[in-house]
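For reference, the structure is listed below as structure tokens.
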There are 4 protein chains.
Amino acid sequence: MTLGIGVVGAGYWGPNLVRNFRSSPDWDLVAVCDLDEAKARRVIGDRSTIEVETSLERLLARDDIDAVAIATPAQTHSPIALAALQAGKHVLVEKPLADSHPVGAQMVQVADQHDLVLMTDHTFCYTPVVQRIGELIADGVLGEILFIDSVRINLGLIQPDVNVFWDLAPHDLSILDYVLPGGLRPVSVGAQGADPLGAGNVCVGYLTMPLPGGAIAHVHVNWLSPTKIRQMVIGGSRQTLVWDDLNPQQRLSLYDRGVDLHSVSADATERARAQVSYRLGDMHAPTLPEREALAIMAGEFAAAINEKRAPRTDGRAGLRVLEVLEAADRSLAEGGALVPVESTVLTTGGAS
Amino acid sequence: MTLGIGVVGAGYWGPNLVRNFRSSPDWDLVAVCDLDEAKARRVIGDRSTIEVETSLERLLARDDIDAVAIATPAQTHSPIALAALQAGKHVLVEKPLADSHPVGAQMVQVADQHDLVLMTDHTFCYTPVVQRIGELIADGVLGEILFIDSVRINLGLIQPDVNVFWDLAPHDLSILDYVLPGGLRPVSVGAQGADPLGAGNVCVGYLTMPLPGGAIAHVHVNWLSPTKIRQMVIGGSRQTLVWDDLNPQQRLSLYDRGVDLHSVSADATERARAQVSYRLGDMHAPTLPEREALAIMAGEFAAAINEKRAPRTDGRAGLRVLEVLEAADRSLAEGGALVPVESTVLTTGGAS
Amino acid sequence: MTLGIGVVGAGYWGPNLVRNFRSSPDWDLVAVCDLDEAKARRVIGDRSTIEVETSLERLLARDDIDAVAIATPAQTHSPIALAALQAGKHVLVEKPLADSHPVGAQMVQVADQHDLVLMTDHTFCYTPVVQRIGELIADGVLGEILFIDSVRINLGLIQPDVNVFWDLAPHDLSILDYVLPGGLRPVSVGAQGADPLGAGNVCVGYLTMPLPGGAIAHVHVNWLSPTKIRQMVIGGSRQTLVWDDLNPQQRLSLYDRGVDLHSVSADATERARAQVSYRLGDMHAPTLPEREALAIMAGEFAAAINEKRAPRTDGRAGLRVLEVLEAADRSLAEGGALVPVESTVLTTGGAS
Amino acid sequence: MTLGIGVVGAGYWGPNLVRNFRSSPDWDLVAVCDLDEAKARRVIGDRSTIEVETSLERLLARDDIDAVAIATPAQTHSPIALAALQAGKHVLVEKPLADSHPVGAQMVQVADQHDLVLMTDHTFCYTPVVQRIGELIADGVLGEILFIDSVRINLGLIQPDVNVFWDLAPHDLSILDYVLPGGLRPVSVGAQGADPLGAGNVCVGYLTMPLPGGAIAHVHVNWLSPTKIRQMVIGGSRQTLVWDDLNPQQRLSLYDRGVDLHSVSADATERARAQVSYRLGDMHAPTLPEREALAIMAGEFAAAINEKRAPRTDGRAGLRVLEVLEAADRSLAEGGALVPVESTVLTTGGAS
């Protein structure tokens with residue numbers, strides 16, 4: 001059964017949602033809502049009967065709409081989502097879920113109360129590469145996770161209201177939350193950063209997250225580099241994985257040699273050999289299908305609604321990301337020391 | 001004039017020193033000294049009149065030796081170097097200079113007192129790529145330095161007596177000391193790490209170093225990855241430099257767009273453009289000569305002796321590296337918070 | 001002024017044309033024409049007022065259509081295009097222009113007679129990288145062209161009716177035609193190939209094309225490789241250009257050292273140096289805008305119609321490609337020897 | 001048992017031979033022979049008892065020499081080798097074996113008559129990557145060979161006396177001879193080339209070699225490119241291999257999907273999928289040991305002498321390379337058409 005959807009916000013991300021819901025077999029894109037009617041109409045294009053709404057109230061009053069997808073600035077996510085949930089609509093929210101954890105927690109609770117799906121648009125989690133990484137970890141191919149190192153640097157526009165953690169790290173954190181069994185639940189969070197241009201916010205930032213069991217995750221986000229690097233290394237006891245997102249021909253590489261304590265050796269010969277060799281195990285690069293992440297996400301949103309279950313990136317996933325971001329802000333304020341994550345215990349249940 | 005040299009230690013690094021001093025036009029390799037005579041003889045090879053000494057005392061007593069190059073375990077650097085300096089020999093020491101800062105400081109002082117050259121074998125500083133990076137920074141091509149990010153990961157042998165910082169970070173720190181005008185003098189040092197295998201020492205480590213003026217340097221060293229990454233990004237206000245040491249055809253790339261505050265903008269259109277474009281400025285990859293770093297280093301050692309001056313990587317450079325390593329150990333012990341660097345004020349002067 | 005267009009053929013390539021004409025500011029996509037109505041409707045999608053026509057006759061009879069874009073099998077290009085031209089419509093044809101040179105020549109003549117634009121959809125010519133290559137050659141940056149080497153290999157579906165030259169080489173040949181001043185006019189053509197699987201057609205093919213002035217162009221097309229290579233090297237007397245189309249971060253590299261006769265030397269030292277160095281001149285990688293080629297092509301089609309001029313890839317460009325393909329078939333039949341290109345002298349003029 | 005060797009020629013390649021024979025456990029490097037005594041002495045270096053000979057006659061008269069390695073210009077290979085063989089010495093000759101096929105055939109015959117080892121220094125065949133490729137083909141991992149494409153371009157010094165085929169193609173041809181079961185025995189050879197600078201010799205050349213069974217081998221050699229490409233693709237019915245020699249971290253890649261006739265399909269959907277996907281099968285990059293090819297070659301030379309057998313790259317391998325080079329010259333003279341290879345039938349036997 002096709003579900004009706006309305007997209008709220010015709011700015012930066014909205015057009016991507018419009019394009020994908022429009023071509024999804026699961027959805028009927030009924031309307032695009034923006035205060036700026038001309039903007040909304042441009043996104044829809046000519047020769048289309050998709051409707052334009054300039055009032056959220058009118059959009060939410062429509063009977064032919066089952067769900068809304070919100071692509072507006074972060075601080076408006078909460079009021080729009082709450083209104084939609086109270087109008088009985090399922091809700092998809094662009095990342096981050098909200099601009100603060102308490103506000104996000106309220107969204108999750110209201111969705112639970114109304115038995116509606118609340119989904120966070122953690123787009124990257126629906127790329128074929130992240131889905132494969134999730135499978136590899138779940139299947140034990142990597143063995144025990146020892147370390148995770150994620151780098152996401154590229155020239156971003158320095159934003160007046162948020163630091164680089166809030167702008168870029170949600171990508172890395174939501175990916176970690178998706179691929180780690182049980183989600184991202186660091187023991188503590190350390191954050192260090194710099195604002196060398198005096199822009200008023202941290203532009204280069206480092207997150208350190210000790211994980212339960214002794215592993216460590218680390219994220220480097222950076223607005224100041226004119227060249228992009230988007231690379232994640234996940235080291236396991238059996239294999240190590242390198243994801244280079246800017247190498248479309250070989251995004252994912254698996255090195256079939258892990259590390260164990262037997263390699264503790266002071267033998268000079270073995271040491272010499274290790275240092276002149278470029279790689280010590282074979283490498284395997286699995287083929288990945290070419291599919292657009294947003295299309296898969298649109299399908300997951302519909303499936304969660306139809307199957308009355310929480311989607312893979314539900315509101316709680318969005319909350320876990322907010323918890324780490326808020327801990328990072330605290331660590332930053334305290335000079336970089338590790339601080340605990342304050343996890344809100346929400347009653348499990350509902351579809352959010 | 002050719003100088004006579006003796007190499008002390010025929011283990012892991014010694015053979016590299018032997019090969020380079022042997023073929024250097026500046027040096028006459030007179031003898032190799034090791035307690036294990038057969039080992040020393042194997043390094044020299046057949047049909048050679050280079051001599052083998054099994055006693056340091058006899059080596060230092062020789063008149064045909066002007067200098068010694070020490071390639072023994074770190075904890076023995078100091079006694080051997082002090083004996084050599086007291087015997088009137090110039091000294092080259094494999095990195096790290098010593099196993100602690102006070103001991104290293106003593107080596108510098110004794111060299112100063114005897115007016116002898118004390119050089120740290122910071123080999124990487126003599127690679128054509130690091131030399132070029134030093135020139136680019138000195139010439140102002142990068143503009144003001146905003147951030148430095150260095151990654152050095154590869155399967156190393158987990159060592160029983162030192163953590164990954166002491167094993168791998170001297171490379172990164174000595175390079176930073178070489179290319180930064182005035183040397184590496186961080187405001188403070190933060191260190192975080194993990195020992196997920198329970199090896200007894202940190203195997204994955206992160207160093208954060210706020211620099212004077214607001215910039216930040218960060219180093220990631222890692223023993224647990226079966227694939228090597230050796231990459232340094234130096235972001236400047238005018239250009240950004242990427243050094244990928246494992247790409248011999250394009251080690252050094254310069255992106256001719258830096259960042260300034262004018263790019264602070266909330267304009268959605270410009271933001272969209274920035275995010276779909278892979279790179280916003282042209283890239284330039286200078287040709288680098290192919291020369292062996294150790295050969296250049298051997299030349300610099302001879303030149304410093306002949307010109308009665310300090311070499312580029314003198315004992316004080318080795319000391320600055322030790323200061324950061326010791327600060328890292330303190331930060332690690334204190335849970336990762338930033339700690340100040342305790343800089344020993346040594347009277348400037350001498351040739352060390 | 002917006003022009004009305006109808007797309008003929010809803011198969012493999014048609015949807016790409018539909019998507020681009022639909023979003024082009026220059027065009028109003030009025031209708032999609034296919035014998036299979038359901039297929040055409042699927043391409044258009046829901047909530048659209050774009051019309052479906054199942055009769056070419058009815059499509060061509062419409063007053064609101066100024067032009068048609070033909071994306072049907074090659075052997076049907078000519079009858080459809082001729083009907084459209086006779087109905088007074090401008091015509092865009094998917095590559096190759098036609099399945100034989102005489103038939104293509106007739107299309108050009110009829111377009112000339114009716115003063116209509118006939119354009120070949122040489123899509124690659126409208127990619128930012130090919131446009132930049134054209135500018136670099138036109139501006140003399142490369143100097144005199146010495147050699148061109150193009151490789152286009154990837155697993156293709158072996159086709160029952162054409163060999164690999166007709167399937168893949170039109171890309172390379174149309175690009176050469178676009179970037180070479182005066183178009184692609186080889187002195188002769190040699191073609192060699194193999195059909196190692198016994199598929200009935202050459203699946204691995206090599207084209208050699210001596211160019212006027214002593215340069216040489218060479219094209220390798222290959223259906224049998226499971227890994228893609230799409231690389232073109234253009235060597236000039238001043239600079240050499242490498243285009244690696246599968247490296248989105250560095251598609252275009254310019255090496256600022258060419259070759260001249262002064263490097264003729266038997267000196268062993270210089271020779272040794274040349275062979276150990278990876279590259280002898282700096283490299284420069286210009287930024288390229290990210291734009292979809294088909295969108296630019298749609299704009300050029302409209303501009304040619306509005307300005308009553310021939311488009312950049314007109315019917316004559318399509319004919320030059322056909323001339324080389326037919327010469328390749330003759331060379332293949334004659335055992336690989338170089339054969340002359342039979343160029344049809346068409347009166348210059350018109351807009352095709 | 002250690003064998004005594006003398007190296008003849010202290011020019012470009014000689015020092016590499018000296019370095020490797022000097023450190024080989026199988027060999028005792030007794031003397032270096034060159035008309036220029038100072039040059040020979042420079043290659044040996046100081047503090048060495050390796051002797052210098054300026055007379056070939058005296059060198060060959062020595063009892064402590066079992067073999068000679070010849071690294072002189074190609075036209076002198078034959079007289080030096082014949083003199084050495086007649087003096088009872090085993091012979092290693094730098095590639096190409098000789099400057100013409102008849103002269104090379106005489107060398108093979110004389111070696112046979114004296115029951116001495118005649119080896120061609122096809123260095124590349126002893127690299128770990130070529131050895132692995134040979135194993136992969138021998139083990140049937142690739143299946144039936146369908147095509148081989150080799151590219152070797154880099155700025156070379158244009159040579160007054162030979163064309164680019166004689167300078168660079170011996171590398172490719174000797175590698176093909178090594179990895180193909182039964183050696184390189186093409187049905188015919190086609191050669192096309194250009195001399196766009198008017199240097200007097202072909203500087204850009206293409207070799208086409210139909211192989212028995214319908215496969216095809218193709219070699220592109222080029223002196224005029226300032227950037228190096230050294231790449232070989234070997235397509236098989238089961239897997240395809242890509243060797244990129246300038247990517248030390250991933251020299252060898254195996255794509256586990258080959259091609260068969262079942263993929264002949266006109267189905268548009270499958271076709272579309274094939275064309276948007278970057279790769280259709282997983283990729284596997286085997287680890288290769290890091291060993292110097294010349295060291296392995298020195299070992300093979302000693303083993304062949306000790307085991308009284310032909311070495312892997314014997315004189316006959318050198319002859320097969322000469323046969324193709326001479327056929328290429330004939331094809332070039334005849335306008336590029338395929339010409340048969342004139343194979344000299346030498347009685348099999350002996351150790352050459």
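Ligands are numbered from 1 in the order shown, chains are lettered A, B, ... in the order of the structure tokens, and residues start at 1 in each chain.
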Residues near Leu197 in chain B, cut-off 10 Å, only C-alpha atoms, skip fewer than 2 positions along chain, as a PyMOL selection string: (chain A and resi 144+146+213-215+237+259-261) or (chain B and resi 194-195+199-203+224)
Selected residues, all heavy atoms, written as a short mmCIF file (atom, residue, chain, number, x, y, z; two decimals), in the first residue's frame, please.
```cif
data_model
loop_
_atom_site.label_atom_id
_atom_site.label_comp_id
_atom_site.auth_asym_id
_atom_site.auth_seq_id
_atom_site.Cartn_x
_atom_site.Cartn_y
_atom_site.Cartn_z
N GLU A 144 36.68 -9.22 17.50
CA GLU A 144 36.38 -8.22 18.52
C GLU A 144 36.87 -6.85 18.03
O GLU A 144 37.98 -6.74 17.51
CB GLU A 144 37.16 -8.61 19.78
CG GLU A 144 36.56 -8.15 21.08
CD GLU A 144 37.49 -8.56 22.23
OE1 GLU A 144 38.15 -9.62 22.11
OE2 GLU A 144 37.57 -7.81 23.20
N LEU A 146 38.65 -3.49 18.16
CA LEU A 146 39.74 -2.96 18.99
C LEU A 146 39.80 -1.43 18.94
O LEU A 146 40.02 -0.77 19.94
CB LEU A 146 41.08 -3.53 18.53
CG LEU A 146 41.18 -5.06 18.51
CD1 LEU A 146 42.54 -5.49 17.97
CD2 LEU A 146 40.95 -5.63 19.90
N GLY A 213 34.76 -2.50 27.31
CA GLY A 213 35.60 -3.62 26.89
C GLY A 213 37.00 -3.23 26.51
O GLY A 213 37.82 -4.08 26.16
N GLY A 214 37.31 -1.92 26.53
CA GLY A 214 38.69 -1.53 26.29
C GLY A 214 38.98 -0.96 24.92
O GLY A 214 40.07 -0.43 24.70
N ALA A 215 38.05 -1.05 23.99
CA ALA A 215 38.29 -0.47 22.67
C ALA A 215 38.17 1.05 22.74
O ALA A 215 37.76 1.61 23.76
CB ALA A 215 37.30 -1.03 21.66
N SER A 237 40.02 -7.91 16.01
CA SER A 237 41.01 -8.91 16.39
C SER A 237 41.26 -9.90 15.25
O SER A 237 42.31 -10.53 15.21
CB SER A 237 40.54 -9.66 17.64
OG SER A 237 39.26 -10.24 17.40
N VAL A 259 45.45 -8.73 14.77
CA VAL A 259 46.58 -8.62 15.67
C VAL A 259 46.32 -9.51 16.87
O VAL A 259 45.19 -9.58 17.34
CB VAL A 259 46.71 -7.17 16.20
CG1 VAL A 259 48.01 -6.99 16.94
CG2 VAL A 259 46.55 -6.21 15.07
N ASP A 260 47.32 -10.17 17.33
CA ASP A 260 47.14 -10.84 18.61
C ASP A 260 48.43 -10.74 19.40
O ASP A 260 49.44 -10.23 18.91
CB ASP A 260 46.69 -12.29 18.42
CG ASP A 260 47.67 -13.07 17.59
OD1 ASP A 260 48.85 -12.66 17.51
OD2 ASP A 260 47.27 -14.08 17.01
N LEU A 261 48.38 -11.22 20.57
CA LEU A 261 49.53 -11.02 21.46
C LEU A 261 50.74 -11.83 21.04
O LEU A 261 51.84 -11.58 21.49
CB LEU A 261 49.14 -11.32 22.90
CG LEU A 261 48.35 -10.16 23.52
CD1 LEU A 261 47.88 -10.53 24.90
CD2 LEU A 261 49.26 -8.93 23.59
N ALA B 194 44.44 3.56 24.17
CA ALA B 194 43.77 2.33 24.56
C ALA B 194 44.72 1.17 24.42
O ALA B 194 45.67 1.21 23.63
CB ALA B 194 42.53 2.11 23.70
N ASP B 195 44.44 0.15 25.22
CA ASP B 195 45.20 -1.10 25.17
C ASP B 195 44.17 -2.23 25.09
O ASP B 195 43.99 -3.00 26.03
CB ASP B 195 46.07 -1.22 26.44
CG ASP B 195 46.76 -2.57 26.54
OD1 ASP B 195 46.88 -3.25 25.49
OD2 ASP B 195 47.17 -2.95 27.66
N ALA B 199 47.80 -5.69 26.39
CA ALA B 199 49.22 -5.96 26.19
C ALA B 199 50.08 -5.34 27.28
O ALA B 199 51.27 -5.63 27.39
CB ALA B 199 49.67 -5.44 24.83
N GLY B 200 49.51 -4.47 28.07
CA GLY B 200 50.26 -3.85 29.14
C GLY B 200 50.70 -2.43 28.81
O GLY B 200 51.20 -1.72 29.68
N ASN B 201 50.52 -2.02 27.56
CA ASN B 201 50.90 -0.67 27.15
C ASN B 201 49.88 -0.15 26.15
O ASN B 201 49.26 -0.92 25.42
CB ASN B 201 52.26 -0.69 26.45
CG ASN B 201 53.40 -0.57 27.43
OD1 ASN B 201 53.42 0.35 28.24
ND2 ASN B 201 54.33 -1.51 27.38
N VAL B 202 49.76 1.18 26.11
CA VAL B 202 48.86 1.79 25.13
C VAL B 202 49.34 1.45 23.72
O VAL B 202 50.50 1.64 23.38
CB VAL B 202 48.84 3.32 25.34
CG1 VAL B 202 48.27 4.04 24.12
CG2 VAL B 202 48.04 3.66 26.59
N CYS B 203 48.44 0.90 22.89
CA CYS B 203 48.76 0.48 21.53
C CYS B 203 48.14 1.39 20.47
O CYS B 203 48.52 1.36 19.30
CB CYS B 203 48.26 -0.93 21.28
SG CYS B 203 49.07 -2.17 22.29
N LEU B 224 48.09 -1.35 15.84
CA LEU B 224 47.17 -2.48 15.64
C LEU B 224 46.57 -2.59 14.25
O LEU B 224 45.69 -3.41 14.01
CB LEU B 224 46.04 -2.41 16.67
CG LEU B 224 46.45 -2.42 18.14
CD1 LEU B 224 45.23 -2.42 19.03
CD2 LEU B 224 47.34 -3.61 18.45
#
```
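Residues with any atom within 8 Å of Phe147 in chain D, counting only C-alpha atoms and excluding same-chain neighbours fewer than 5 positions away, are Pro196 and Val204 of chain C; Ala215, Ile216, Ala217, Val233, Ile234, Gly235 and Gly236 of chain D.
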Show me a table, sorted first by chain and then by increasing residue number, of the residues of chain B having an atom at most 8 Å from chain D, each with its shortest atom pair and the distance in Å to one decimal, counting only C-alpha atoms and written as CSV.
```
residue,atom,partner,partner_atom,distance
B:Arg22,CA,D:Asp46,CA,7.8
B:Ser23,CA,D:Gly45,CA,7.1
B:Gly45,CA,D:Ser23,CA,7.2
B:Asp46,CA,D:Arg22,CA,7.9
B:Arg47,CA,D:Thr49,CA,4.9
B:Ser48,CA,D:Ser48,CA,4.3
B:Thr49,CA,D:Arg47,CA,4.9
B:Ile50,CA,D:Arg47,CA,6.0
B:Leu246,CA,D:Gln249,CA,7.5
B:Asn247,CA,D:Asn247,CA,7.3
B:Pro248,CA,D:Leu246,CA,7.9
B:Gln249,CA,D:Leu246,CA,7.5
```
Export of the given selection (all heavy atoms) as a CSV table (one decimal), in the first residue's frame:
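What ended up in out.csv:
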```
chain,number,residue,atom,x,y,z
B,22,ARG,N,79.2,4.1,4.5
B,22,ARG,CA,80.1,3.4,3.6
B,22,ARG,C,80.2,4.1,2.3
B,22,ARG,O,81.2,4.2,1.6
B,22,ARG,CB,79.6,2.0,3.5
B,22,ARG,CG,80.6,1.1,2.8
B,22,ARG,CD,79.9,-0.3,2.9
B,22,ARG,NE,80.9,-1.4,2.8
B,22,ARG,CZ,80.7,-2.6,3.1
B,22,ARG,NH1,79.5,-3.0,3.5
B,22,ARG,NH2,81.6,-3.5,3.0
B,23,SER,N,79.0,4.6,1.8
B,23,SER,CA,79.0,5.1,0.4
B,23,SER,C,79.0,6.7,0.4
B,23,SER,O,78.9,7.3,-0.6
B,23,SER,CB,77.8,4.6,-0.3
B,23,SER,OG,76.6,5.1,0.4
B,45,GLY,N,80.2,-7.7,5.6
B,45,GLY,CA,80.2,-8.5,4.4
B,45,GLY,C,81.7,-8.9,4.1
B,45,GLY,O,82.6,-8.5,4.8
B,46,ASP,N,81.8,-9.7,3.0
B,46,ASP,CA,83.1,-10.2,2.6
B,46,ASP,C,83.9,-9.1,1.9
B,46,ASP,O,83.4,-8.1,1.5
B,46,ASP,CB,82.9,-11.4,1.7
B,46,ASP,CG,82.2,-12.5,2.4
B,46,ASP,OD1,82.4,-12.6,3.6
B,46,ASP,OD2,81.4,-13.3,1.8
B,47,ARG,N,85.2,-9.5,1.7
B,47,ARG,CA,86.1,-8.7,0.9
B,47,ARG,C,86.0,-7.2,1.3
B,47,ARG,O,86.0,-6.3,0.5
B,47,ARG,CB,85.7,-8.8,-0.6
B,47,ARG,CG,86.0,-10.2,-1.2
B,47,ARG,CD,85.9,-10.3,-2.7
B,47,ARG,NE,86.2,-11.7,-3.1
B,47,ARG,CZ,87.4,-12.0,-3.7
B,47,ARG,NH1,88.3,-11.1,-3.8
B,47,ARG,NH2,87.6,-13.3,-4.1
B,48,SER,N,86.1,-7.0,2.6
B,48,SER,CA,86.1,-5.7,3.1
B,48,SER,C,87.2,-5.5,4.2
B,48,SER,O,87.4,-6.5,4.9
B,48,SER,CB,84.7,-5.3,3.7
B,48,SER,OG,84.8,-4.1,4.4
B,49,THR,N,87.8,-4.3,4.2
B,49,THR,CA,88.8,-4.1,5.3
B,49,THR,C,88.3,-3.2,6.4
B,49,THR,O,89.0,-2.7,7.2
B,49,THR,CB,90.0,-3.4,4.6
B,49,THR,OG1,89.6,-2.2,4.0
B,49,THR,CG2,90.7,-4.3,3.6
B,50,ILE,N,86.9,-3.0,6.4
B,50,ILE,CA,86.3,-2.3,7.6
B,50,ILE,C,86.6,-3.2,8.8
B,50,ILE,O,86.4,-4.4,8.7
B,50,ILE,CB,84.8,-2.1,7.3
B,50,ILE,CG1,84.6,-1.1,6.1
B,50,ILE,CG2,84.2,-1.5,8.6
B,50,ILE,CD1,83.2,-1.0,5.7
B,246,LEU,N,52.9,7.1,1.4
B,246,LEU,CA,52.8,5.8,0.8
B,246,LEU,C,52.4,5.9,-0.7
B,246,LEU,O,52.1,4.9,-1.4
B,246,LEU,CB,51.9,4.8,1.5
B,246,LEU,CG,52.3,4.6,3.0
B,246,LEU,CD1,51.5,3.6,3.7
B,246,LEU,CD2,53.8,4.2,3.1
B,247,ASN,N,52.3,7.1,-1.2
B,247,ASN,CA,52.0,7.3,-2.6
B,247,ASN,C,53.3,7.9,-3.3
B,247,ASN,O,53.4,9.1,-3.4
B,247,ASN,CB,50.8,8.2,-2.7
B,247,ASN,CG,50.4,8.4,-4.2
B,247,ASN,OD1,51.1,7.9,-5.1
B,247,ASN,ND2,49.3,9.1,-4.4
B,248,PRO,N,54.2,7.1,-3.7
B,248,PRO,CA,55.5,7.6,-4.2
B,248,PRO,C,55.3,8.5,-5.4
B,248,PRO,O,56.2,9.3,-5.7
B,248,PRO,CB,56.3,6.3,-4.5
B,248,PRO,CG,55.3,5.2,-4.6
B,248,PRO,CD,54.1,5.6,-3.7
B,249,GLN,N,54.2,8.3,-6.1
B,249,GLN,CA,54.1,9.2,-7.3
B,249,GLN,C,53.5,10.5,-7.0
B,249,GLN,O,53.5,11.4,-7.9
B,249,GLN,CB,53.2,8.5,-8.4
B,249,GLN,CG,53.9,7.2,-8.9
B,249,GLN,CD,53.1,6.7,-10.1
B,249,GLN,OE1,53.5,7.1,-11.2
B,249,GLN,NE2,52.1,6.0,-9.9
```
Shell around Ala302 in chain D at 12 Å using only C-alpha atoms, local window under 5 positions removed, as a VMD selection string: chain D and resid 1 to 5 21 24 to 28 66 to 69 90 to 92 117 to 119 295 to 297 307 to 312
Filtered DSSP result for range 121-210 of chain B, state helix (DSSP H, G or I), as a VMD selection string: chain B and resid 123 to 126 128 to 138 164 to 179
12 Å contact set for Gly182 in chain D, only C-alpha atoms, chain neighbours under 5 positions out, as an NGL selection string: :D and (134 or 137-138 or 176-177 or 211-212 or 312 or 316-317 or 320)
Close residues, Leu322 in chain B itself excluded, 9 Å, only C-alpha atoms, min 2 positions apart in chain, as number ranges by chain: B: 96-101, 104, 166, 170, 317-320, 324-327
Minimum-distance residue to Tyr255 in chain B, chosen among C:Val164, C:Ala285, C:Ala71, C:Leu85 (using only C-alpha atoms): C:Ala285
Range 53-122 of chain D: residues DSSP assigns to strand (DSSP E or B), reported as number ranges by chain: D: 53, 67-70, 90-94, 118-121
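Taking CA of Gln231 in chain D and CA of Leu142 in chain D as endpoints, the distance between them is 17.4 Å.
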Exercise: Glu37 in chain A partners within 7 Å, only C-alpha atoms, chain neighbours under 4 positions left out, as an MDAnalysis selection string: chainID A and resid 41 52 54
Would you export the selected residues with all heavy atoms as a PDB file, in the first residue's frame, please?
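And here's again.pdb as it stands now:
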```
ATOM      1  N   ARG A  41       7.694  25.567  -5.178  1.00  0.00           N
ATOM      2  CA  ARG A  41       7.266  25.267  -6.544  1.00  0.00           C
ATOM      3  C   ARG A  41       8.481  24.931  -7.423  1.00  0.00           C
ATOM      4  O   ARG A  41       8.422  24.053  -8.280  1.00  0.00           O
ATOM      5  CB  ARG A  41       6.485  26.462  -7.112  1.00  0.00           C
ATOM      6  CG  ARG A  41       5.427  26.064  -8.125  1.00  0.00           C
ATOM      7  CD  ARG A  41       4.369  27.131  -8.371  1.00  0.00           C
ATOM      8  NE  ARG A  41       3.359  27.236  -7.326  1.00  0.00           N
ATOM      9  CZ  ARG A  41       2.410  26.317  -7.071  1.00  0.00           C
ATOM     10  NH1 ARG A  41       2.362  25.209  -7.788  1.00  0.00           N
ATOM     11  NH2 ARG A  41       1.551  26.499  -6.103  1.00  0.00           N
ATOM     12  N   VAL A  52       1.582  22.440  -3.353  1.00  0.00           N
ATOM     13  CA  VAL A  52       2.417  23.290  -2.505  1.00  0.00           C
ATOM     14  C   VAL A  52       1.569  23.767  -1.332  1.00  0.00           C
ATOM     15  O   VAL A  52       0.454  24.226  -1.522  1.00  0.00           O
ATOM     16  CB  VAL A  52       2.944  24.496  -3.303  1.00  0.00           C
ATOM     17  CG1 VAL A  52       3.495  25.558  -2.363  1.00  0.00           C
ATOM     18  CG2 VAL A  52       4.018  24.045  -4.283  1.00  0.00           C
ATOM     19  N   THR A  54       1.818  26.320   2.058  1.00  0.00           N
ATOM     20  CA  THR A  54       2.658  27.303   2.748  1.00  0.00           C
ATOM     21  C   THR A  54       2.321  27.342   4.236  1.00  0.00           C
ATOM     22  O   THR A  54       2.918  28.099   4.989  1.00  0.00           O
ATOM     23  CB  THR A  54       2.476  28.712   2.144  1.00  0.00           C
ATOM     24  OG1 THR A  54       1.082  29.001   2.152  1.00  0.00           O
ATOM     25  CG2 THR A  54       3.011  28.766   0.722  1.00  0.00           C
TER      26      THR A  54
END
```
Between CA of Glu292 in chain A and CA of Val221 in chain C - distance in Å to one decimal: 29.3 Å
For CA of Val339 in chain D and CA of Ser188 in chain D, the interatomic separation in Å (one decimal): 5.2 Å
Exercise: Gly143 in chain C partners within 7 Å, only C-alpha atoms, chain neighbours under 2 positions left out, as a ChimeraX atom specification: /C:140-141,145,236-239
